[in-house]
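Engineer: Dropping a structure here in structure tokens format, bear with me for questions.
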Amino acid sequence: MSKHVRASSRPSGKPRAVRRSPRVALAAVLGLATLTVGWVCVAQEPDKAAGPRPQARADARPQKEGHVARDERRAAQQAVPHPGPPAAPPASAPPVAAPQGLVGVSEPTRARIPAESRQLILVTGRAMDSSESTVTFYTRPAAGADWVKAESWPARNGANGWSVERAYGDLTSPMGVYALTDAGGLLPKPPGTRLPYDEDNGFVATGLGVNGESLEGSFDYVVAIDFNRRPGRSPLDPVMPDGEDKGGNIWLHVDHDGPSQGCVGIPKAAMKKVLQTLDPAAKPVIVMGPAGF
């Protein structure tokens, strides 16, 4: 047997210890690290067969913001509506306007009202055979505009109500639309009166009313209703162009607490107010008859 033994030989029965150089040990460590990192990458790679990964939450933010992330965030901020100024408190309810339009008047009667008239006195009878009625004063700002109610008063008309073809002595008031052009009375005209006014001692009622009441003061103030009379003259004018059979001297005058022979009576204060309000430039008219005529 040779005296020299090869490096790979070892004593029988005992394992030989392996000696590694530092270079070999470092290589082994690096290899193990590479293997570990590779396993981690493989384990984290999504399974393509399992389908797409769930979307990230809308409010998730990237760890590092780039140009794309900044643009997306800016777009999201612009999409969110900014609150506007606080709402103004509700406005108070507007004032209630005066009632408009004539009430209780038929279309044929409306058609007879002159378009240029801007003042109107409406006499609405309770019934065809009733002597009780209501007088309402209307105005409108311009021809063709809606009528606006101004004031209203209780009234009395002919003792036997109303008639289309009035006859002298039938104790009815004539139905229709008539102009109001002249005024007068026993008393001086009220301040502001613009209608021609005839102050005359002839405005004195004689006798008694239909129900036996006194007629004193009935003609203190009157406005002539242009039924069977000549406009532009005193209400005392006796001429009746359509004949005496129809009667005449139909006036709006002071109420004497009873029905009339054909005139319309309203309270004395109301008569004074009417005289101070009527304006010839407004072409005033009176519309009179039972409700709905």
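Just so we're on the same page: first chain in the structure tokens is A, next is B, and so on; residues restart at 1 for each chain, and ligands are numbered from 1 in the order they show up.
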What lies within 8 Å of Gly192 of chain A using only C-alpha atoms, ignoring chain neighbours under 6 positions off, as a list of chain:residue names?

Structural biologist: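 What passes the distance filter is A:Leu275, A:Gln276, A:Thr277.
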
Engineer: Neighbours of Tyr138 of chain A within 6 Å (only C-alpha atoms; same-chain residues fewer than 5 positions away dropped), as a list of chain:residue names?

Structural biologist: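 Selected residues are A:Gln119, A:Leu120, A:Val148, A:Lys149, A:Ala150.
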
Engineer: What are the DSSP helix (DSSP H, G or I) residues of segment 93-240 of chain A, as a ChimeraX atom specification?

Structural biologist: /A:107-111

Engineer: Save the residues we just selected, all heavy atoms, as an mmCIF file, in the first residue's frame?

Structural biologist:
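Wrote it out as again-v6.cif, contents follow:
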data_model
loop_
_atom_site.group_PDB
_atom_site.id
_atom_site.type_symbol
_atom_site.label_atom_id
_atom_site.label_comp_id
_atom_site.auth_asym_id
_atom_site.auth_seq_id
_atom_site.Cartn_x
_atom_site.Cartn_y
_atom_site.Cartn_z
ATOM 1 N N GLU A 107 -123.496 87.195 -20.736
ATOM 2 C CA GLU A 107 -122.661 87.622 -21.851
ATOM 3 C C GLU A 107 -123.370 88.641 -22.755
ATOM 4 O O GLU A 107 -122.754 89.614 -23.195
ATOM 5 C CB GLU A 107 -122.199 86.407 -22.667
ATOM 6 C CG GLU A 107 -121.125 85.590 -21.978
ATOM 7 C CD GLU A 107 -119.887 86.402 -21.657
ATOM 8 O OE1 GLU A 107 -119.506 87.256 -22.486
ATOM 9 O OE2 GLU A 107 -119.311 86.220 -20.582
ATOM 10 N N PRO A 108 -124.662 88.465 -23.080
ATOM 11 C CA PRO A 108 -125.328 89.493 -23.886
ATOM 12 C C PRO A 108 -125.309 90.876 -23.228
ATOM 13 O O PRO A 108 -125.163 91.895 -23.914
ATOM 14 C CB PRO A 108 -126.758 88.955 -24.032
ATOM 15 C CG PRO A 108 -126.617 87.477 -23.883
ATOM 16 C CD PRO A 108 -125.529 87.284 -22.879
ATOM 17 N N THR A 109 -125.466 90.914 -21.901
ATOM 18 C CA THR A 109 -125.412 92.203 -21.207
ATOM 19 C C THR A 109 -124.003 92.782 -21.244
ATOM 20 O O THR A 109 -123.817 93.990 -21.453
ATOM 21 C CB THR A 109 -125.892 92.052 -19.755
ATOM 22 O OG1 THR A 109 -127.238 91.565 -19.754
ATOM 23 C CG2 THR A 109 -125.850 93.375 -19.020
ATOM 24 N N ARG A 110 -123.004 91.926 -21.043
ATOM 25 C CA ARG A 110 -121.604 92.389 -21.119
ATOM 26 C C ARG A 110 -121.318 93.014 -22.482
ATOM 27 O O ARG A 110 -120.605 94.011 -22.587
ATOM 28 C CB ARG A 110 -120.651 91.221 -20.890
ATOM 29 C CG ARG A 110 -120.626 90.664 -19.489
ATOM 30 C CD ARG A 110 -119.745 89.426 -19.456
ATOM 31 N NE ARG A 110 -119.890 88.690 -18.221
ATOM 32 C CZ ARG A 110 -119.143 88.886 -17.133
ATOM 33 N NH1 ARG A 110 -118.194 89.789 -17.166
ATOM 34 N NH2 ARG A 110 -119.331 88.178 -16.031
ATOM 35 N N ALA A 111 -121.863 92.416 -23.516
ATOM 36 C CA ALA A 111 -121.600 92.907 -24.868
ATOM 37 C C ALA A 111 -122.165 94.307 -25.094
ATOM 38 O O ALA A 111 -121.706 95.021 -26.001
ATOM 39 C CB ALA A 111 -122.190 91.935 -25.887
#

Engineer: Residues of segment 110-134 of chain A that have any atom at most 12 Å from an atom of segment 159-174 of chain A: could you tabulate them with the shortest-distance atom pair and the distance in Å to one decimal, using only C-alpha atoms, ordered by chain and increasing number, as JSON lines?

Structural biologist:
{"residue": "A:Val123", "atom": "CA", "partner": "A:Ser173", "partner_atom": "CA", "distance": 10.6}
{"residue": "A:Thr124", "atom": "CA", "partner": "A:Trp162", "partner_atom": "CA", "distance": 10.6}
{"residue": "A:Gly125", "atom": "CA", "partner": "A:Gly161", "partner_atom": "CA", "distance": 7.8}
{"residue": "A:Arg126", "atom": "CA", "partner": "A:Gly161", "partner_atom": "CA", "distance": 9.0}
{"residue": "A:Ala127", "atom": "CA", "partner": "A:Gly161", "partner_atom": "CA", "distance": 7.3}
{"residue": "A:Met128", "atom": "CA", "partner": "A:Gly161", "partner_atom": "CA", "distance": 5.5}
{"residue": "A:Asp129", "atom": "CA", "partner": "A:Gly161", "partner_atom": "CA", "distance": 4.0}
{"residue": "A:Ser130", "atom": "CA", "partner": "A:Gly161", "partner_atom": "CA", "distance": 4.6}
{"residue": "A:Ser131", "atom": "CA", "partner": "A:Ala159", "partner_atom": "CA", "distance": 5.0}
{"residue": "A:Glu132", "atom": "CA", "partner": "A:Gly161", "partner_atom": "CA", "distance": 8.1}
{"residue": "A:Ser133", "atom": "CA", "partner": "A:Gly161", "partner_atom": "CA", "distance": 9.5}

Engineer: Within 10 Å of Asp237 of chain A, counting only C-alpha atoms, which residues show up once you throw out same-chain ones fewer than 6 positions away? Write them as a list in words, please.

Structural biologist: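 So the residues in contact are Arg229, Arg230, Pro231, Gly248 and Asn249 of chain A.
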
Engineer: Point out the residue among A:Asp146, A:Asp182, A:Asp226, A:Glu216 with the least atom-to-atom distance to Ile250 of chain A, counting only C-alpha atoms.

Structural biologist: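 Nearest candidate to Ile250 of chain A out of A:Asp146, A:Asp182, A:Asp226, A:Glu216: A:Asp226.
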
Engineer: If we count only C-alpha atoms and set the cut-off at 8 Å, which residues sit around Ala143 of chain A, ignoring sequence neighbours fewer than 5 positions away in its own chain? Please answer as JSON, numbers by chain.

Structural biologist: {"A": [115, 116, 117, 118]}

Engineer: Pick from A:Gly232, A:Gly265, A:Pro141, A:Gly158: nearest to His253 of chain A, with only C-alpha atoms counted?

Structural biologist: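 Going through A:Gly232, A:Gly265, A:Pro141, A:Gly158 one by one, the smallest distance to His253 of chain A is for A:Gly265.
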
Engineer: Can you tell me, as an mmCIF file with N, CA, C and O atoms, in the first residue's frame, which residues in segment 137-210 of chain A count as strand (DSSP E) by DSSP?

Structural biologist:
data_model
loop_
_atom_site.group_PDB
_atom_site.id
_atom_site.type_symbol
_atom_site.label_atom_id
_atom_site.label_comp_id
_atom_site.auth_asym_id
_atom_site.auth_seq_id
_atom_site.Cartn_x
_atom_site.Cartn_y
_atom_site.Cartn_z
ATOM 1 N N PHE A 137 -119.665 99.253 -7.221
ATOM 2 C CA PHE A 137 -118.904 100.179 -8.076
ATOM 3 C C PHE A 137 -117.678 99.453 -8.607
ATOM 4 O O PHE A 137 -116.903 98.867 -7.842
ATOM 5 N N TYR A 138 -117.484 99.492 -9.934
ATOM 6 C CA TYR A 138 -116.344 98.848 -10.589
ATOM 7 C C TYR A 138 -115.536 99.897 -11.363
ATOM 8 O O TYR A 138 -116.095 100.887 -11.872
ATOM 9 N N THR A 139 -114.250 99.639 -11.475
ATOM 10 C CA THR A 139 -113.380 100.448 -12.319
ATOM 11 C C THR A 139 -112.456 99.516 -13.099
ATOM 12 O O THR A 139 -112.312 98.339 -12.764
ATOM 13 N N VAL A 148 -112.510 95.751 -11.916
ATOM 14 C CA VAL A 148 -112.065 95.527 -10.538
ATOM 15 C C VAL A 148 -113.093 96.127 -9.589
ATOM 16 O O VAL A 148 -113.466 97.306 -9.708
ATOM 17 N N LYS A 149 -113.543 95.306 -8.658
ATOM 18 C CA LYS A 149 -114.543 95.764 -7.694
ATOM 19 C C LYS A 149 -113.935 96.771 -6.730
ATOM 20 O O LYS A 149 -112.868 96.547 -6.168
ATOM 21 N N ALA A 150 -114.638 97.890 -6.538
ATOM 22 C CA ALA A 150 -114.153 98.930 -5.633
ATOM 23 C C ALA A 150 -114.948 98.960 -4.328
ATOM 24 O O ALA A 150 -114.378 98.835 -3.247
ATOM 25 N N GLU A 151 -116.277 99.137 -4.425
ATOM 26 C CA GLU A 151 -117.109 99.234 -3.223
ATOM 27 C C GLU A 151 -118.499 98.711 -3.521
ATOM 28 O O GLU A 151 -118.913 98.625 -4.689
ATOM 29 N N SER A 152 -119.221 98.382 -2.445
ATOM 30 C CA SER A 152 -120.560 97.828 -2.619
ATOM 31 C C SER A 152 -121.470 98.321 -1.503
ATOM 32 O O SER A 152 -121.017 98.509 -0.356
ATOM 33 N N TRP A 153 -122.769 98.530 -1.842
ATOM 34 C CA TRP A 153 -123.741 99.007 -0.857
ATOM 35 C C TRP A 153 -125.094 98.313 -1.068
ATOM 36 O O TRP A 153 -125.423 97.913 -2.195
ATOM 37 N N PRO A 154 -125.896 98.208 -0.019
ATOM 38 C CA PRO A 154 -127.268 97.704 -0.195
ATOM 39 C C PRO A 154 -128.102 98.737 -0.939
ATOM 40 O O PRO A 154 -127.833 99.950 -0.863
ATOM 41 N N ALA A 155 -129.105 98.263 -1.659
ATOM 42 C CA ALA A 155 -129.904 99.181 -2.474
ATOM 43 C C ALA A 155 -131.339 98.695 -2.565
ATOM 44 O O ALA A 155 -131.664 97.550 -2.215
ATOM 45 N N ARG A 156 -132.209 99.581 -3.047
ATOM 46 C CA ARG A 156 -133.607 99.251 -3.349
ATOM 47 C C ARG A 156 -133.931 99.735 -4.753
ATOM 48 O O ARG A 156 -133.436 100.772 -5.200
ATOM 49 N N TRP A 162 -138.316 94.237 -11.749
ATOM 50 C CA TRP A 162 -137.658 94.668 -12.984
ATOM 51 C C TRP A 162 -138.514 94.365 -14.199
ATOM 52 O O TRP A 162 -139.357 93.465 -14.178
ATOM 53 N N SER A 163 -138.260 95.120 -15.275
ATOM 54 C CA SER A 163 -138.956 94.853 -16.537
ATOM 55 C C SER A 163 -138.058 95.240 -17.703
ATOM 56 O O SER A 163 -137.237 96.142 -17.598
ATOM 57 N N SER A 173 -138.271 98.825 -12.294
ATOM 58 C CA SER A 173 -137.061 99.508 -12.758
ATOM 59 C C SER A 173 -136.656 98.929 -14.104
ATOM 60 O O SER A 173 -136.770 97.714 -14.314
ATOM 61 N N PRO A 174 -136.198 99.765 -15.033
ATOM 62 C CA PRO A 174 -135.830 99.258 -16.360
ATOM 63 C C PRO A 174 -134.523 98.473 -16.310
ATOM 64 O O PRO A 174 -133.553 98.885 -15.678
ATOM 65 N N GLY A 176 -131.147 96.999 -18.161
ATOM 66 C CA GLY A 176 -130.318 97.385 -19.296
ATOM 67 C C GLY A 176 -129.016 98.055 -18.898
ATOM 68 O O GLY A 176 -128.613 98.040 -17.730
ATOM 69 N N VAL A 177 -128.359 98.646 -19.888
ATOM 70 C CA VAL A 177 -127.088 99.356 -19.725
ATOM 71 C C VAL A 177 -127.317 100.790 -20.157
ATOM 72 O O VAL A 177 -127.721 101.050 -21.310
ATOM 73 N N TYR A 178 -127.051 101.740 -19.243
ATOM 74 C CA TYR A 178 -127.338 103.145 -19.527
ATOM 75 C C TYR A 178 -126.150 104.017 -19.113
ATOM 76 O O TYR A 178 -125.444 103.721 -18.139
ATOM 77 N N ALA A 179 -125.971 105.115 -19.834
ATOM 78 C CA ALA A 179 -124.901 106.055 -19.512
ATOM 79 C C ALA A 179 -125.287 106.901 -18.297
ATOM 80 O O ALA A 179 -126.477 107.077 -17.982
ATOM 81 N N LEU A 180 -124.255 107.433 -17.626
ATOM 82 C CA LEU A 180 -124.425 108.356 -16.510
ATOM 83 C C LEU A 180 -123.713 109.648 -16.897
ATOM 84 O O LEU A 180 -122.478 109.713 -16.904
ATOM 85 N N THR A 181 -124.489 110.683 -17.214
ATOM 86 C CA THR A 181 -123.882 111.900 -17.760
ATOM 87 C C THR A 181 -124.154 113.157 -16.945
ATOM 88 O O THR A 181 -123.407 114.136 -17.068
ATOM 89 N N ASP A 182 -125.209 113.144 -16.120
ATOM 90 C CA ASP A 182 -125.607 114.381 -15.441
ATOM 91 C C ASP A 182 -126.023 114.094 -14.001
ATOM 92 O O ASP A 182 -126.498 112.999 -13.679
ATOM 93 N N ALA A 183 -125.844 115.105 -13.151
ATOM 94 C CA ALA A 183 -126.168 114.969 -11.733
ATOM 95 C C ALA A 183 -126.808 116.254 -11.240
ATOM 96 O O ALA A 183 -126.870 117.274 -11.935
ATOM 97 N N GLY A 184 -127.296 116.207 -10.024
ATOM 98 C CA GLY A 184 -127.897 117.392 -9.420
ATOM 99 C C GLY A 184 -128.383 117.046 -8.024
ATOM 100 O O GLY A 184 -128.126 115.958 -7.494
ATOM 101 N N GLY A 185 -129.104 117.979 -7.417
ATOM 102 C CA GLY A 185 -129.622 117.723 -6.088
ATOM 103 C C GLY A 185 -130.060 118.978 -5.386
ATOM 104 O O GLY A 185 -129.825 120.107 -5.847
ATOM 105 N N TYR A 197 -123.428 119.360 -12.572
ATOM 106 C CA TYR A 197 -124.275 119.255 -11.380
ATOM 107 C C TYR A 197 -125.240 120.432 -11.333
ATOM 108 O O TYR A 197 -124.832 121.598 -11.403
ATOM 109 N N ASP A 198 -126.527 120.099 -11.199
ATOM 110 C CA ASP A 198 -127.563 121.123 -11.119
ATOM 111 C C ASP A 198 -128.116 121.173 -9.699
ATOM 112 O O ASP A 198 -128.838 120.269 -9.271
ATOM 113 N N GLU A 199 -127.720 122.226 -8.967
ATOM 114 C CA GLU A 199 -128.289 122.439 -7.628
ATOM 115 C C GLU A 199 -129.578 123.241 -7.788
ATOM 116 O O GLU A 199 -129.551 124.363 -8.291
#

Engineer: So how far away is atom CA of Cys263 of chain A from atom CA of Arg140 of chain A, in Å?

Structural biologist: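 So the two atoms, atom CA of Arg140 of chain A and atom CA of Cys263 of chain A, lie 25.8 Å apart.
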
Engineer: Would you kindly return, as a VMD selection string, each protein, DNA or RNA residue with an atom no farther than 9 Å from any atom of Leu278 of chain A, considering only C-alpha atoms and excluding same-chain residues fewer than 2 positions away?

Structural biologist: chain A and resid 119 180 193 to 195 273 to 276 280 to 284
